[in-house]
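Novice: After the structure tokens below, expect a handful of questions from me.
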Amino acid sequence: MAINRQPVARRCKKYDISPSVLGYANKTTYRNSNTNRRKKASEYSLQLNEKQKVKFIYGILEKQSRKVYEEAERLPGVTGENMVMLLETRLDNVVYRLGLVKTRKMARQFVSHAHFLVNGKKVNIPSYQVKVGDVISVREKSKDIDIFKAVKEEGPSQLVPKWLEMNQENLSGKVLALPTSEDLDYELQYNLIVEFYSK
């Protein structure tokens, strides 16, 4: 699997997003703060930048990103909104948004290590699509891990969005509705991504 080892804070600055979107509250960068950038970016550059930003936030590769677009295009409704819904309902993202872990990267790792159940069944695929009514919970064997103990005692690591419901005592969450672009924790011009892929 391709791994981008460029510093997180540097990439956040490049895509003009806050590191807190990725769960990094204390990261910052002042590198190249006075560089002379082109005043006007091309249309292609804006589209590419927006697509790369989404890939960076969700930790997905180009093949996965294109697959999400193609699936969104097949679904009824607005393609961009469908893309948002598909990305936000990935199991690793839902685990992060429930505040069970601190970053999406950590969420992918914990899902891959089978620490979570979906409707009582073990799922270890980060890209697994959850549905309305699904219950995501921490496996009984995993509840002794320090990070889950902290959530049980102190609460979720972040504000839980309205389309999810968190049960702190049971270390579980439920999908109440499908997310929309209004539920994102960062700014996204999904029309630019759709334009990029539709060429």
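Following the order of the structure tokens, first chain is A, next is B, and so on, with residues numbered from 1 inside each chain and ligands from 1 in the order they appear.
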Can you tell me, as a PyMOL selection string, what residues are no more than 7 Å from Glu165 of chain A when counting only C-alpha atoms, ignoring any on the same chain fewer than 6 positions away?
Specialist: chain A and resi 173-176
Novice: I want to know what sits within 7 Å of segment 67-70 of chain A, based on only C-alpha atoms, with residues of the same chain fewer than 3 positions away left out; could you give that as a list in words?
Specialist: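 Surrounding residues, per the criterion: Lys63, Gln64, Glu73, Arg74, Met83 and Leu86 of chain A.
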Novice: Kindly save the residues from that selection, with N, CA, C and O atoms included, as a PDB file, in the first residue's frame.
Specialist:
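As written to disk, result_24.pdb reads:
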ATOM      1  N   LYS A  63      -7.359   4.756  -6.348  1.00  0.00           N
ATOM      2  CA  LYS A  63      -8.279   3.722  -6.833  1.00  0.00           C
ATOM      3  C   LYS A  63      -9.566   3.719  -6.001  1.00  0.00           C
ATOM      4  O   LYS A  63     -10.671   3.601  -6.531  1.00  0.00           O
ATOM      5  N   GLN A  64      -9.410   3.864  -4.682  1.00  0.00           N
ATOM      6  CA  GLN A  64     -10.571   3.891  -3.793  1.00  0.00           C
ATOM      7  C   GLN A  64     -11.400   5.156  -4.031  1.00  0.00           C
ATOM      8  O   GLN A  64     -12.634   5.110  -4.025  1.00  0.00           O
ATOM      9  N   GLU A  73     -22.044   8.067  -8.527  1.00  0.00           N
ATOM     10  CA  GLU A  73     -22.683   8.415  -9.802  1.00  0.00           C
ATOM     11  C   GLU A  73     -23.845   7.470 -10.107  1.00  0.00           C
ATOM     12  O   GLU A  73     -24.845   7.880 -10.709  1.00  0.00           O
ATOM     13  N   ARG A  74     -23.717   6.235  -9.662  1.00  0.00           N
ATOM     14  CA  ARG A  74     -24.775   5.244  -9.906  1.00  0.00           C
ATOM     15  C   ARG A  74     -25.990   5.465  -9.008  1.00  0.00           C
ATOM     16  O   ARG A  74     -27.106   5.089  -9.366  1.00  0.00           O
ATOM     17  N   MET A  83     -21.196  11.181  -2.749  1.00  0.00           N
ATOM     18  CA  MET A  83     -19.792  10.939  -2.394  1.00  0.00           C
ATOM     19  C   MET A  83     -19.545  11.223  -0.919  1.00  0.00           C
ATOM     20  O   MET A  83     -18.887  10.443  -0.224  1.00  0.00           O
ATOM     21  N   LEU A  86     -21.037   8.397   1.127  1.00  0.00           N
ATOM     22  CA  LEU A  86     -20.247   7.166   1.056  1.00  0.00           C
ATOM     23  C   LEU A  86     -18.953   7.254   1.862  1.00  0.00           C
ATOM     24  O   LEU A  86     -18.538   6.296   2.518  1.00  0.00           O
TER      25      LEU A  86
END
Novice: Can you list, as a ChimeraX atom specification, every protein, DNA or RNA residue that comes within 10 Å of segment 117-122 of chain A when you count only C-alpha atoms, leaving out same-chain residues fewer than 2 positions away?
Specialist: /A:91,111,114-115,124-125,128,130,133-140,172-174
Novice: Considering only C-alpha atoms, state which residue in the set A:Asp183, A:Gly99, A:Tyr44, A:Leu188 is at the smallest distance from Glu154 of chain A.
Specialist: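 Among the listed residues, the smallest separation from Glu154 of chain A belongs to A:Gly99.
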Novice: Can you work out the spacing between atom CA of Val95 of chain A and atom CA of Ala107 of chain A in Å, to one decimal?
Specialist: 6.2 Å
Novice: With only C-alpha atoms as the counted atoms, please give the residues lying no more than 9 Å from Gln129 of chain A, apart from itself and same-chain residues fewer than 3 positions off, as an mmCIF file with N, CA and C atoms, in the first residue's frame.
Specialist:
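Contents of part_24.cif, as written:
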data_model
loop_
_atom_site.group_PDB
_atom_site.id
_atom_site.type_symbol
_atom_site.label_atom_id
_atom_site.label_comp_id
_atom_site.auth_asym_id
_atom_site.auth_seq_id
_atom_site.Cartn_x
_atom_site.Cartn_y
_atom_site.Cartn_z
ATOM 1 N N LEU A 86 -21.037 8.397 1.127
ATOM 2 C CA LEU A 86 -20.247 7.166 1.056
ATOM 3 C C LEU A 86 -18.953 7.254 1.862
ATOM 4 N N LEU A 87 -18.321 8.420 1.834
ATOM 5 C CA LEU A 87 -17.073 8.603 2.579
ATOM 6 C C LEU A 87 -17.326 8.660 4.085
ATOM 7 N N GLU A 88 -18.384 9.371 4.475
ATOM 8 C CA GLU A 88 -18.677 9.530 5.897
ATOM 9 C C GLU A 88 -19.199 8.237 6.534
ATOM 10 N N THR A 89 -19.811 7.370 5.748
ATOM 11 C CA THR A 89 -20.356 6.132 6.321
ATOM 12 C C THR A 89 -19.378 4.955 6.235
ATOM 13 N N ARG A 90 -18.132 5.219 5.894
ATOM 14 C CA ARG A 90 -17.098 4.186 6.022
ATOM 15 C C ARG A 90 -16.964 3.844 7.511
ATOM 16 N N LEU A 91 -16.757 2.585 7.819
ATOM 17 C CA LEU A 91 -16.687 2.169 9.222
ATOM 18 C C LEU A 91 -15.581 2.894 9.977
ATOM 19 N N PRO A 126 -11.963 -1.469 7.006
ATOM 20 C CA PRO A 126 -12.177 -0.028 7.230
ATOM 21 C C PRO A 126 -13.176 0.616 6.281
#
Novice: Write down as a VMD selection string the residues belonging to chain A that are assigned alpha helix (DSSP H) by DSSP computed on the backbone.
Specialist: chain A and resid 8 to 14 43 to 58 62 to 74 79 to 88 91 to 97 104 to 112 146 to 154 190 to 197
Novice: If we count only C-alpha atoms, what is near Ser198 of chain A at a cut-off of 12 Å, once residues fewer than 5 positions away on the same chain are taken out, given as JSON, numbers by chain?
Specialist: {"A": [47, 66, 69, 70, 72, 73, 79, 80, 191, 192, 193]}
